[in-house]
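Shown next: upload38.tsv, given as TSV, N, CA, C and O atoms.
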chain	number	residue	atom	x	y	z
L	1	MET	N	114.17	122.93	89.50
L	1	MET	CA	114.39	123.01	90.94
L	1	MET	C	113.26	123.83	91.57
L	1	MET	O	112.95	124.91	91.09
L	2	PRO	N	112.66	123.33	92.65
L	2	PRO	CA	111.57	124.08	93.30
L	2	PRO	C	112.06	125.40	93.88
L	2	PRO	O	113.21	125.54	94.30
L	3	SER	N	111.15	126.37	93.92
L	3	SER	CA	111.46	127.66	94.52
L	3	SER	C	111.70	127.48	96.02
L	3	SER	O	111.30	126.46	96.61
L	4	PRO	N	112.33	128.47	96.66
L	4	PRO	CA	112.51	128.37	98.12
L	4	PRO	C	111.18	128.20	98.86
L	4	PRO	O	111.11	127.45	99.82
L	5	PHE	N	110.12	128.90	98.41
L	5	PHE	CA	108.81	128.75	99.05
L	5	PHE	C	108.30	127.33	98.87
L	5	PHE	O	107.83	126.71	99.82
L	6	ALA	N	108.42	126.78	97.67
L	6	ALA	CA	107.97	125.40	97.43
L	6	ALA	C	108.75	124.42	98.30
L	6	ALA	O	108.17	123.48	98.86
L	7	GLN	N	110.03	124.64	98.46
L	7	GLN	CA	110.84	123.76	99.30
L	7	GLN	C	110.35	123.80	100.74
L	7	GLN	O	110.26	122.76	101.41
L	8	ARG	N	110.00	125.02	101.23
L	8	ARG	CA	109.48	125.14	102.59
L	8	ARG	C	108.13	124.44	102.70
L	8	ARG	O	107.83	123.80	103.71
L	9	ILE	N	107.30	124.56	101.66
L	9	ILE	CA	106.00	123.88	101.64
L	9	ILE	C	106.21	122.38	101.79
L	9	ILE	O	105.56	121.72	102.60
L	10	TYR	N	107.12	121.83	101.00
L	10	TYR	CA	107.37	120.38	101.05
L	10	TYR	C	107.85	119.95	102.44
L	10	TYR	O	107.44	118.90	102.95
L	11	GLU	N	108.67	120.76	103.08
L	11	GLU	CA	109.14	120.42	104.43
L	11	GLU	C	107.99	120.45	105.44
L	11	GLU	O	107.92	119.60	106.32
L	12	VAL	N	107.10	121.43	105.31
L	12	VAL	CA	105.94	121.49	106.21
L	12	VAL	C	105.05	120.27	106.00
L	12	VAL	O	104.63	119.61	106.96
L	13	VAL	N	104.74	119.96	104.75
L	13	VAL	CA	103.83	118.85	104.46
L	13	VAL	C	104.41	117.52	104.96
L	13	VAL	O	103.66	116.67	105.44
L	14	LYS	N	105.71	117.37	104.89
L	14	LYS	CA	106.33	116.15	105.41
L	14	LYS	C	106.09	115.97	106.91
L	14	LYS	O	106.16	114.86	107.43
L	15	GLN	N	105.82	117.06	107.62
L	15	GLN	CA	105.62	117.01	109.07
L	15	GLN	C	104.19	116.63	109.47
L	15	GLN	O	103.94	116.31	110.63
L	16	ILE	N	103.24	116.69	108.53
L	16	ILE	CA	101.85	116.37	108.87
L	16	ILE	C	101.79	114.88	109.19
L	16	ILE	O	102.12	114.04	108.35
L	17	PRO	N	101.40	114.52	110.40
L	17	PRO	CA	101.41	113.10	110.78
L	17	PRO	C	100.32	112.29	110.08
L	17	PRO	O	99.28	112.81	109.67
L	18	ARG	N	100.58	111.03	109.98
L	18	ARG	CA	99.60	110.08	109.46
L	18	ARG	C	98.31	110.22	110.27
L	18	ARG	O	98.34	110.34	111.49
L	19	GLY	N	97.17	110.23	109.59
L	19	GLY	CA	95.89	110.35	110.27
L	19	GLY	C	95.48	111.77	110.59
L	19	GLY	O	94.47	112.00	111.27
L	20	LYS	N	96.23	112.74	110.11
L	20	LYS	CA	95.92	114.16	110.32
L	20	LYS	C	95.91	114.87	108.98
L	20	LYS	O	96.50	114.39	108.00
L	21	VAL	N	95.27	116.03	108.94
L	21	VAL	CA	95.26	116.85	107.73
L	21	VAL	C	95.59	118.29	108.10
L	21	VAL	O	95.47	118.69	109.26
L	22	ALA	N	95.99	119.05	107.11
L	22	ALA	CA	96.23	120.48	107.27
L	22	ALA	C	95.56	121.18	106.08
L	22	ALA	O	95.33	120.57	105.04
L	23	THR	N	95.27	122.45	106.24
L	23	THR	CA	94.66	123.20	105.15
L	23	THR	C	95.75	123.88	104.32
L	23	THR	O	96.88	124.09	104.79
L	24	TYR	N	95.38	124.25	103.10
L	24	TYR	CA	96.32	124.95	102.23
L	24	TYR	C	96.82	126.23	102.90
L	24	TYR	O	98.02	126.52	102.88
L	25	GLY	N	95.90	126.98	103.53
L	25	GLY	CA	96.29	128.21	104.20
L	25	GLY	C	97.21	127.97	105.38
L	25	GLY	O	98.15	128.73	105.62
L	26	GLN	N	96.95	126.92	106.12
L	26	GLN	CA	97.79	126.58	107.26
L	26	GLN	C	99.20	126.23	106.79
L	26	GLN	O	100.19	126.70	107.38
L	27	VAL	N	99.31	125.45	105.73
L	27	VAL	CA	100.62	125.09	105.19
L	27	VAL	C	101.34	126.35	104.71
L	27	VAL	O	102.53	126.53	104.98
L	28	ALA	N	100.62	127.24	104.04
L	28	ALA	CA	101.22	128.48	103.56
L	28	ALA	C	101.79	129.29	104.72
L	28	ALA	O	102.93	129.78	104.66
L	29	ALA	N	101.00	129.43	105.79
L	29	ALA	CA	101.46	130.19	106.96
L	29	ALA	C	102.69	129.53	107.59
L	29	ALA	O	103.66	130.22	107.93
L	30	LEU	N	102.65	128.23	107.73
L	30	LEU	CA	103.79	127.52	108.32
L	30	LEU	C	105.03	127.61	107.45
L	30	LEU	O	106.15	127.55	107.95
L	31	ALA	N	104.82	127.78	106.14
L	31	ALA	CA	105.95	127.90	105.21
L	31	ALA	C	106.42	129.35	105.08
L	31	ALA	O	107.35	129.63	104.32
L	32	GLY	N	105.77	130.26	105.80
L	32	GLY	CA	106.24	131.64	105.84
L	32	GLY	C	105.49	132.62	104.96
L	32	GLY	O	105.89	133.77	104.84
L	33	ASN	N	104.38	132.21	104.35
L	33	ASN	CA	103.60	133.12	103.52
L	33	ASN	C	102.11	132.90	103.78
L	33	ASN	O	101.47	132.13	103.07
L	34	PRO	N	101.55	133.57	104.79
L	34	PRO	CA	100.16	133.33	105.18
L	34	PRO	C	99.15	133.56	104.07
L	34	PRO	O	98.04	133.07	104.13
L	35	ARG	N	99.52	134.30	103.03
L	35	ARG	CA	98.60	134.56	101.92
L	35	ARG	C	98.92	133.69	100.70
L	35	ARG	O	98.45	133.95	99.61
L	36	GLY	N	99.70	132.65	100.91
L	36	GLY	CA	100.17	131.84	99.80
L	36	GLY	C	99.48	130.51	99.59
L	36	GLY	O	100.08	129.57	99.07
L	37	ALA	N	98.19	130.41	99.95
L	37	ALA	CA	97.49	129.13	99.82
L	37	ALA	C	97.47	128.61	98.39
L	37	ALA	O	97.64	127.42	98.15
L	38	ARG	N	97.30	129.50	97.42
L	38	ARG	CA	97.30	129.06	96.02
L	38	ARG	C	98.68	128.54	95.62
L	38	ARG	O	98.78	127.60	94.83
L	39	GLY	N	99.70	129.16	96.15
L	39	GLY	CA	101.06	128.69	95.88
L	39	GLY	C	101.29	127.29	96.43
L	39	GLY	O	102.02	126.49	95.85
L	40	VAL	N	100.64	126.99	97.56
L	40	VAL	CA	100.72	125.64	98.13
L	40	VAL	C	100.10	124.65	97.15
L	40	VAL	O	100.68	123.60	96.86
L	41	GLY	N	98.94	124.99	96.64
L	41	GLY	CA	98.29	124.11	95.67
L	41	GLY	C	99.15	123.88	94.45
L	41	GLY	O	99.28	122.74	93.98
L	42	PHE	N	99.76	124.93	93.95
L	42	PHE	CA	100.64	124.80	92.78
L	42	PHE	C	101.82	123.90	93.09
L	42	PHE	O	102.15	122.99	92.32
L	43	ALA	N	102.46	124.13	94.22
L	43	ALA	CA	103.64	123.33	94.59
L	43	ALA	C	103.26	121.86	94.77
L	43	ALA	O	103.98	120.96	94.31
L	44	LEU	N	102.13	121.60	95.41
L	44	LEU	CA	101.74	120.21	95.64
L	44	LEU	C	101.32	119.52	94.35
L	44	LEU	O	101.50	118.31	94.21
L	45	HIS	N	100.80	120.28	93.41
L	45	HIS	CA	100.45	119.71	92.10
L	45	HIS	C	101.71	119.22	91.38
L	45	HIS	O	101.64	118.34	90.54
L	46	HIS	N	102.83	119.80	91.74
L	46	HIS	CA	104.12	119.44	91.14
L	46	HIS	C	105.01	118.71	92.14
L	46	HIS	O	106.24	118.79	92.07
L	47	ASN	N	104.40	117.99	93.05
L	47	ASN	CA	105.11	117.25	94.09
L	47	ASN	C	106.22	116.39	93.48
L	47	ASN	O	105.93	115.46	92.73
L	48	PRO	N	107.48	116.68	93.81
L	48	PRO	CA	108.58	115.92	93.22
L	48	PRO	C	108.79	114.54	93.86
L	48	PRO	O	109.52	113.71	93.32
L	49	GLN	N	108.13	114.29	95.00
L	49	GLN	CA	108.34	113.03	95.71
L	49	GLN	C	107.02	112.49	96.25
L	49	GLN	O	106.83	112.38	97.47
L	50	PRO	N	106.08	112.09	95.38
L	50	PRO	CA	104.83	111.51	95.88
L	50	PRO	C	105.14	110.29	96.74
L	50	PRO	O	106.03	109.51	96.44
L	51	GLY	N	104.42	110.17	97.83
L	51	GLY	CA	104.69	109.07	98.76
L	51	GLY	C	105.63	109.48	99.87
L	51	GLY	O	105.55	108.98	100.97
L	52	ILE	N	106.51	110.40	99.58
L	52	ILE	CA	107.42	110.93	100.61
L	52	ILE	C	106.86	112.26	101.12
L	52	ILE	O	106.88	112.53	102.32
L	53	ILE	N	106.38	113.08	100.20
L	53	ILE	CA	105.69	114.32	100.56
L	53	ILE	C	104.20	114.01	100.48
L	53	ILE	O	103.65	113.90	99.40
L	54	PRO	N	103.53	113.83	101.64
L	54	PRO	CA	102.15	113.35	101.66
L	54	PRO	C	101.13	114.44	101.33
L	54	PRO	O	100.34	114.87	102.19
L	55	CYS	N	101.12	114.86	100.08
L	55	CYS	CA	100.23	115.96	99.68
L	55	CYS	C	98.76	115.62	99.84
L	55	CYS	O	97.93	116.52	99.92
L	56	HIS	N	98.43	114.34	99.93
L	56	HIS	CA	97.02	113.97	100.13
L	56	HIS	C	96.49	114.43	101.49
L	56	HIS	O	95.29	114.47	101.70
L	57	ARG	N	97.38	114.84	102.39
L	57	ARG	CA	96.96	115.30	103.72
L	57	ARG	C	96.63	116.79	103.76
L	57	ARG	O	96.35	117.33	104.82
L	58	VAL	N	96.66	117.45	102.61
L	58	VAL	CA	96.35	118.88	102.55
L	58	VAL	C	94.98	119.04	101.89
L	58	VAL	O	94.72	118.52	100.81
L	59	ILE	N	94.09	119.77	102.58
L	59	ILE	CA	92.70	119.92	102.14
L	59	ILE	C	92.28	121.39	102.24
L	59	ILE	O	93.02	122.22	102.77
L	60	PHE	N	91.07	121.68	101.77
L	60	PHE	CA	90.54	123.04	101.85
L	60	PHE	C	90.14	123.38	103.29
L	60	PHE	O	89.89	122.50	104.12
L	61	ARG	N	90.02	124.66	103.55
L	61	ARG	CA	89.75	125.13	104.92
L	61	ARG	C	88.40	124.70	105.46
L	61	ARG	O	88.18	124.71	106.67
L	62	ASP	N	87.47	124.32	104.58
L	62	ASP	CA	86.18	123.84	105.06
L	62	ASP	C	86.16	122.33	105.26
L	62	ASP	O	85.13	121.74	105.56
L	63	GLY	N	87.31	121.68	105.07
L	63	GLY	CA	87.41	120.24	105.24
L	63	GLY	C	87.17	119.44	103.98
L	63	GLY	O	87.25	118.22	104.00
L	64	SER	N	86.87	120.13	102.88
L	64	SER	CA	86.60	119.40	101.63
L	64	SER	C	87.91	119.04	100.93
L	64	SER	O	88.96	119.64	101.15
L	65	LEU	N	87.80	118.05	100.06
L	65	LEU	CA	88.95	117.57	99.31
L	65	LEU	C	89.08	118.36	98.02
L	65	LEU	O	88.10	118.91	97.50
L	66	CYS	N	90.26	118.37	97.48
L	66	CYS	CA	90.53	119.07	96.22
L	66	CYS	C	89.98	118.24	95.06
L	66	CYS	O	90.35	117.08	94.90
L	67	THR	N	89.12	118.84	94.26
L	67	THR	CA	88.55	118.11	93.13
L	67	THR	C	89.60	117.79	92.07
L	67	THR	O	89.42	116.87	91.29
L	68	GLY	N	90.70	118.51	92.08
L	68	GLY	CA	91.74	118.25	91.09
L	68	GLY	C	92.97	117.59	91.70
L	68	GLY	O	94.07	117.83	91.25
L	69	PHE	N	92.78	116.76	92.72
L	69	PHE	CA	93.92	116.09	93.36
L	69	PHE	C	94.83	115.51	92.28
L	69	PHE	O	94.40	114.70	91.46
L	70	ALA	N	96.07	115.95	92.28
L	70	ALA	CA	97.00	115.68	91.18
L	70	ALA	C	97.33	114.20	90.97
L	70	ALA	O	97.74	113.82	89.89
L	71	PHE	N	97.14	113.39	91.97
L	71	PHE	CA	97.61	112.01	91.85
L	71	PHE	C	96.48	111.00	91.81
L	71	PHE	O	96.57	109.93	92.37
L	72	GLY	N	95.38	111.38	91.13
L	72	GLY	CA	94.32	110.41	90.92
L	72	GLY	C	92.92	110.90	91.21
L	72	GLY	O	91.97	110.15	91.07
L	73	GLY	N	92.75	112.12	91.62
L	73	GLY	CA	91.42	112.66	91.88
L	73	GLY	C	91.00	112.52	93.33
L	73	GLY	O	91.68	111.89	94.14
L	74	PRO	N	89.86	113.14	93.69
L	74	PRO	CA	89.43	113.16	95.09
L	74	PRO	C	89.13	111.77	95.66
L	74	PRO	O	89.25	111.56	96.86
L	75	GLU	N	88.74	110.84	94.80
L	75	GLU	CA	88.47	109.49	95.29
L	75	GLU	C	89.75	108.84	95.84
L	75	GLU	O	89.73	108.16	96.87
L	76	VAL	N	90.85	109.07	95.14
L	76	VAL	CA	92.14	108.53	95.59
L	76	VAL	C	92.57	109.22	96.87
L	76	VAL	O	93.02	108.58	97.82
L	77	GLN	N	92.42	110.55	96.92
L	77	GLN	CA	92.78	111.29	98.12
L	77	GLN	C	91.96	110.79	99.31
L	77	GLN	O	92.51	110.55	100.39
L	78	ARG	N	90.68	110.61	99.11
L	78	ARG	CA	89.82	110.12	100.20
L	78	ARG	C	90.27	108.73	100.65
L	78	ARG	O	90.37	108.46	101.85
L	79	ARG	N	90.54	107.85	99.72
L	79	ARG	CA	90.96	106.49	100.07
L	79	ARG	C	92.27	106.52	100.85
L	79	ARG	O	92.41	105.81	101.86
L	80	LEU	N	93.22	107.34	100.44
L	80	LEU	CA	94.49	107.43	101.15
L	80	LEU	C	94.27	107.93	102.59
L	80	LEU	O	94.88	107.41	103.53
L	81	LEU	N	93.41	108.91	102.75
L	81	LEU	CA	93.13	109.43	104.09
L	81	LEU	C	92.40	108.40	104.94
L	81	LEU	O	92.73	108.21	106.11
L	82	GLU	N	91.44	107.71	104.36
L	82	GLU	CA	90.72	106.68	105.11
L	82	GLU	C	91.66	105.56	105.54
L	82	GLU	O	91.53	105.04	106.66
L	83	GLN	N	92.63	105.22	104.71
L	83	GLN	CA	93.61	104.19	105.07
L	83	GLN	C	94.45	104.61	106.27
L	83	GLN	O	95.01	103.77	106.96
L	84	GLU	N	94.53	105.92	106.50
L	84	GLU	CA	95.28	106.45	107.65
L	84	GLU	C	94.38	106.67	108.86
L	84	GLU	O	94.84	107.18	109.87
L	85	GLY	N	93.10	106.34	108.75
L	85	GLY	CA	92.19	106.49	109.87
L	85	GLY	C	91.39	107.77	109.90
L	85	GLY	O	90.67	108.03	110.86
L	86	VAL	N	91.50	108.60	108.87
L	86	VAL	CA	90.73	109.84	108.81
L	86	VAL	C	89.29	109.49	108.42
L	86	VAL	O	89.07	108.77	107.45
L	87	CYS	N	88.34	109.99	109.20
L	87	CYS	CA	86.92	109.75	108.93
L	87	CYS	C	86.31	111.00	108.28
L	87	CYS	O	86.77	112.11	108.50
L	88	PHE	N	85.24	110.77	107.55
L	88	PHE	CA	84.57	111.84	106.84
L	88	PHE	C	83.17	112.07	107.39
L	88	PHE	O	82.50	111.13	107.82
L	89	LEU	N	82.74	113.31	107.34
L	89	LEU	CA	81.39	113.67	107.72
L	89	LEU	C	80.43	113.21	106.63
L	89	LEU	O	80.86	112.92	105.50
L	90	PRO	N	79.13	113.14	106.91
L	90	PRO	CA	78.17	112.69	105.90
L	90	PRO	C	78.22	113.50	104.59
L	90	PRO	O	77.94	112.97	103.53
L	91	ASP	N	78.62	114.76	104.67
L	91	ASP	CA	78.68	115.58	103.46
L	91	ASP	C	80.00	115.45	102.71
L	91	ASP	O	80.26	116.15	101.74
L	92	GLY	N	80.88	114.55	103.16
L	92	GLY	CA	82.13	114.28	102.45
L	92	GLY	C	83.32	115.10	102.90
L	92	GLY	O	84.43	114.94	102.37
L	93	ARG	N	83.13	115.96	103.89
L	93	ARG	CA	84.24	116.76	104.40
L	93	ARG	C	84.93	116.05	105.56
L	93	ARG	O	84.32	115.24	106.25
L	94	VAL	N	86.19	116.42	105.78
L	94	VAL	CA	86.94	115.93	106.94
L	94	VAL	C	86.56	116.80	108.14
L	94	VAL	O	86.44	118.02	108.03
L	95	ASP	N	86.36	116.17	109.28
L	95	ASP	CA	86.08	116.89	110.52
L	95	ASP	C	87.41	117.44	111.04
L	95	ASP	O	88.19	116.72	111.65
L	96	LEU	N	87.66	118.72	110.76
L	96	LEU	CA	88.94	119.32	111.16
L	96	LEU	C	89.11	119.38	112.66
L	96	LEU	O	90.25	119.37	113.15
L	97	SER	N	88.01	119.40	113.42
L	97	SER	CA	88.15	119.42	114.88
L	97	SER	C	88.73	118.11	115.39
L	97	SER	O	89.37	118.09	116.44
L	98	ARG	N	88.54	117.02	114.67
L	98	ARG	CA	89.08	115.71	115.07
L	98	ARG	C	90.39	115.37	114.38
L	98	ARG	O	91.26	114.76	114.97
L	99	PHE	N	90.51	115.74	113.11
L	99	PHE	CA	91.64	115.28	112.32
L	99	PHE	C	92.59	116.39	111.85
L	99	PHE	O	93.55	116.13	111.15
L	100	GLY	N	92.29	117.62	112.27
L	100	GLY	CA	93.17	118.73	111.89
L	100	GLY	C	94.48	118.68	112.65
L	100	GLY	O	94.51	118.43	113.85
L	101	TRP	N	95.55	118.91	111.94
L	101	TRP	CA	96.88	118.94	112.54
L	101	TRP	C	97.09	120.28	113.22
L	101	TRP	O	96.70	121.32	112.68
L	102	LEU	N	97.70	120.27	114.37
L	102	LEU	CA	97.89	121.50	115.14
L	102	LEU	C	99.26	122.12	114.96
L	102	LEU	O	99.72	122.86	115.82
L	103	GLY	N	99.92	121.81	113.83
L	103	GLY	CA	101.22	122.41	113.57
L	103	GLY	C	101.11	123.93	113.60
L	103	GLY	O	100.10	124.50	113.21
L	104	ARG	N	102.12	124.58	114.07
L	104	ARG	CA	102.09	126.04	114.19
L	104	ARG	C	103.34	126.64	113.56
L	104	ARG	O	104.40	126.04	113.56
L	105	PRO	N	103.18	127.89	113.07
L	105	PRO	CA	104.35	128.58	112.48
L	105	PRO	C	105.38	128.93	113.54
L	105	PRO	O	105.11	128.95	114.70
Written form, structure tokens:
Amino acid sequence: MPSPFAQRIYEVVKQIPRGKVATYGQVAALAGNPRGARGVGFALHHNPQPGIIPCHRVIFRDGSLCTGFAFGGPEVQRRLLEQEGVCFLPDGRVDLSRFGWLGRP
């Protein structure tokens, strides 16, 4: 059974709309632990409901993708985001000013 923090993480990630992304730190803050970005990564690596909890929408604070994306690697994460309309900068990062989710704690 996921910890209470992990459960809050999953609820936050479910709120990220299609075509938007959030950062690990942003998800941690919204889940009640602003210093828990690593915990977000751990929880998402153990996502109990892939496809329902859209963990592919969570990225690093500089807009880069996670090299260890748990469900197929960064290529899969990129493809899933592109299918939702997220565009990438020439250096492979997501433009957070265009595609960042504005969810707030």
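Proximity of L:Arg38, L:His56, L:Arg61, L:His46 to Val13 of chain L, computed with only N, CA, C and O atoms, is greatest for L:His56.
Using all atoms listed in the file, the shortest contact distance between Arg57 of chain L and any of L:Gly85, L:Pro74, L:Gly92, L:Pro17 is found at L:Pro17.
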Exercise. Interatomic distance between atom CA of Asp95 of chain L and atom CA of Gly25 of chain L?
Worked result: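 We find that atom CA of Asp95 of chain L and atom CA of Gly25 of chain L lie 16.5 Å from each other.
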Problem set entry | Protein/DNA/RNA residues near (102.0, 111.3, 112.6), cut 12 Å, only C-alpha atoms, as number ranges by chain | L: 13-21, 54, 57, 84-86, 99-103
Exercise. In Å to one decimal, how far is atom C of Asp62 of chain L from atom C of Pro90 of chain L?
Worked result: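 We find that atom C of Pro90 of chain L and atom C of Asp62 of chain L lie 11.9 Å from each other.
Here atom CA of Phe42 of chain L is placed at a distance of 26.2 Å from atom N of Arg98 of chain L.
Among L:Tyr24, L:Ser97, L:Leu80, L:Cys87, the residue with the shortest atom-to-atom distance to Val40 of chain L, counting all atoms listed in the file, is L:Tyr24.
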Problem set entry | Residue list (alpha helix (DSSP H), DSSP) for chain L, as a ChimeraX atom specification | /L:4-15,24-30,37-45,74-83,96-99
Exercise. Out of L:Val58, L:Leu44, L:Thr67, L:Thr23, which residue has the shortest atom-to-atom distance to Leu81 of chain L when counting only C-alpha atoms?
Worked result: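 Closest residue, counting only C-alpha atoms: L:Val58.
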For this session: List every residue of chain L that DSSP, applied to the backbone of this structure, assigns to strand (DSSP E), and report them as a ChimeraX atom specification.
Result: /L:22-23,58-59
For this session: Go through L:Asn33, L:Gln26, L:Ser64, L:Gln7 one by one, measure the shortest atom-to-atom distance of each to Asp91 of chain L using all atoms listed in the file, and give the residue with the smallest value.
Result: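 Closest to Asp91 of chain L, using all atoms listed in the file: L:Ser64.
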Exercise. Between L:Leu96, L:Pro2, L:Ala29, L:Tyr10, which has the minimum distance to Gly51 of chain L (counting only C-alpha atoms)?
Worked result: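 Residue with the minimum atom-to-atom distance to Gly51 of chain L: L:Tyr10.
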Excluding Ile9 of chain L and residues on its chain fewer than 3 positions from it, collect all residues at most 8 Å away from it, counting only C-alpha atoms, and give them as a short mmCIF file (atom, residue, chain, number, x, y, z; two decimals) with N, CA, C and O atoms, keeping the file's coordinate frame.
data_model
loop_
_atom_site.label_atom_id
_atom_site.label_comp_id
_atom_site.auth_asym_id
_atom_site.auth_seq_id
_atom_site.Cartn_x
_atom_site.Cartn_y
_atom_site.Cartn_z
N PHE L 5 110.12 128.90 98.41
CA PHE L 5 108.81 128.75 99.05
C PHE L 5 108.30 127.33 98.87
O PHE L 5 107.83 126.71 99.82
N ALA L 6 108.42 126.78 97.67
CA ALA L 6 107.97 125.40 97.43
C ALA L 6 108.75 124.42 98.30
O ALA L 6 108.17 123.48 98.86
N VAL L 12 107.10 121.43 105.31
CA VAL L 12 105.94 121.49 106.21
C VAL L 12 105.05 120.27 106.00
O VAL L 12 104.63 119.61 106.96
N VAL L 13 104.74 119.96 104.75
CA VAL L 13 103.83 118.85 104.46
C VAL L 13 104.41 117.52 104.96
O VAL L 13 103.66 116.67 105.44
N VAL L 27 99.31 125.45 105.73
CA VAL L 27 100.62 125.09 105.19
C VAL L 27 101.34 126.35 104.71
O VAL L 27 102.53 126.53 104.98
N ALA L 28 100.62 127.24 104.04
CA ALA L 28 101.22 128.48 103.56
C ALA L 28 101.79 129.29 104.72
O ALA L 28 102.93 129.78 104.66
N LEU L 30 102.65 128.23 107.73
CA LEU L 30 103.79 127.52 108.32
C LEU L 30 105.03 127.61 107.45
O LEU L 30 106.15 127.55 107.95
N ALA L 31 104.82 127.78 106.14
CA ALA L 31 105.95 127.90 105.21
C ALA L 31 106.42 129.35 105.08
O ALA L 31 107.35 129.63 104.32
N VAL L 40 100.64 126.99 97.56
CA VAL L 40 100.72 125.64 98.13
C VAL L 40 100.10 124.65 97.15
O VAL L 40 100.68 123.60 96.86
N ALA L 43 102.46 124.13 94.22
CA ALA L 43 103.64 123.33 94.59
C ALA L 43 103.26 121.86 94.77
O ALA L 43 103.98 120.96 94.31
#
Write segment 58-64 of chain L as a PDB file, in the frame of the given file, completed to all heavy atoms.
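Final file, out-v7.pdb:
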ATOM      1  N   VAL L  58      96.660 117.450 102.610  1.00  0.00           N
ATOM      2  CA  VAL L  58      96.350 118.880 102.550  1.00  0.00           C
ATOM      3  C   VAL L  58      94.980 119.040 101.890  1.00  0.00           C
ATOM      4  O   VAL L  58      94.720 118.520 100.810  1.00  0.00           O
ATOM      5  CB  VAL L  58      97.424 119.646 101.770  1.00  0.00           C
ATOM      6  CG1 VAL L  58      97.107 121.137 101.751  1.00  0.00           C
ATOM      7  CG2 VAL L  58      98.802 119.406 102.395  1.00  0.00           C
ATOM      8  N   ILE L  59      94.090 119.770 102.580  1.00  0.00           N
ATOM      9  CA  ILE L  59      92.700 119.920 102.140  1.00  0.00           C
ATOM     10  C   ILE L  59      92.280 121.390 102.240  1.00  0.00           C
ATOM     11  O   ILE L  59      93.020 122.220 102.770  1.00  0.00           O
ATOM     12  CB  ILE L  59      91.759 119.027 102.977  1.00  0.00           C
ATOM     13  CG1 ILE L  59      91.782 119.434 104.446  1.00  0.00           C
ATOM     14  CG2 ILE L  59      92.151 117.546 102.830  1.00  0.00           C
ATOM     15  CD1 ILE L  59      90.774 118.707 105.313  1.00  0.00           C
ATOM     16  N   PHE L  60      91.070 121.680 101.770  1.00  0.00           N
ATOM     17  CA  PHE L  60      90.540 123.040 101.850  1.00  0.00           C
ATOM     18  C   PHE L  60      90.140 123.380 103.290  1.00  0.00           C
ATOM     19  O   PHE L  60      89.890 122.500 104.120  1.00  0.00           O
ATOM     20  CB  PHE L  60      89.325 123.204 100.934  1.00  0.00           C
ATOM     21  CG  PHE L  60      89.682 123.162  99.473  1.00  0.00           C
ATOM     22  CD1 PHE L  60      89.080 122.247  98.631  1.00  0.00           C
ATOM     23  CD2 PHE L  60      90.618 124.030  98.927  1.00  0.00           C
ATOM     24  CE1 PHE L  60      89.381 122.202  97.287  1.00  0.00           C
ATOM     25  CE2 PHE L  60      90.939 123.995  97.587  1.00  0.00           C
ATOM     26  CZ  PHE L  60      90.316 123.076  96.760  1.00  0.00           C
ATOM     27  N   ARG L  61      90.020 124.660 103.550  1.00  0.00           N
ATOM     28  CA  ARG L  61      89.750 125.130 104.920  1.00  0.00           C
ATOM     29  C   ARG L  61      88.400 124.700 105.460  1.00  0.00           C
ATOM     30  O   ARG L  61      88.180 124.710 106.670  1.00  0.00           O
ATOM     31  CB  ARG L  61      89.920 126.635 105.021  1.00  0.00           C
ATOM     32  CG  ARG L  61      88.878 127.410 104.261  1.00  0.00           C
ATOM     33  CD  ARG L  61      89.114 128.894 104.398  1.00  0.00           C
ATOM     34  NE  ARG L  61      88.207 129.607 103.499  1.00  0.00           N
ATOM     35  CZ  ARG L  61      88.308 130.870 103.242  1.00  0.00           C
ATOM     36  NH1 ARG L  61      89.274 131.589 103.799  1.00  0.00           N
ATOM     37  NH2 ARG L  61      87.463 131.451 102.439  1.00  0.00           N
ATOM     38  N   ASP L  62      87.470 124.320 104.580  1.00  0.00           N
ATOM     39  CA  ASP L  62      86.180 123.840 105.060  1.00  0.00           C
ATOM     40  C   ASP L  62      86.160 122.330 105.260  1.00  0.00           C
ATOM     41  O   ASP L  62      85.130 121.740 105.560  1.00  0.00           O
ATOM     42  CB  ASP L  62      85.049 124.265 104.124  1.00  0.00           C
ATOM     43  CG  ASP L  62      85.091 123.563 102.772  1.00  0.00           C
ATOM     44  OD1 ASP L  62      86.084 122.861 102.470  1.00  0.00           O
ATOM     45  OD2 ASP L  62      84.118 123.722 102.011  1.00  0.00           O
ATOM     46  N   GLY L  63      87.310 121.680 105.070  1.00  0.00           N
ATOM     47  CA  GLY L  63      87.410 120.240 105.240  1.00  0.00           C
ATOM     48  C   GLY L  63      87.170 119.440 103.980  1.00  0.00           C
ATOM     49  O   GLY L  63      87.250 118.220 104.000  1.00  0.00           O
ATOM     50  N   SER L  64      86.870 120.130 102.880  1.00  0.00           N
ATOM     51  CA  SER L  64      86.600 119.400 101.630  1.00  0.00           C
ATOM     52  C   SER L  64      87.910 119.040 100.930  1.00  0.00           C
ATOM     53  O   SER L  64      88.960 119.640 101.150  1.00  0.00           O
ATOM     54  CB  SER L  64      85.682 120.204 100.715  1.00  0.00           C
ATOM     55  OG  SER L  64      86.269 121.429 100.348  1.00  0.00           O
TER      56      SER L  64
END
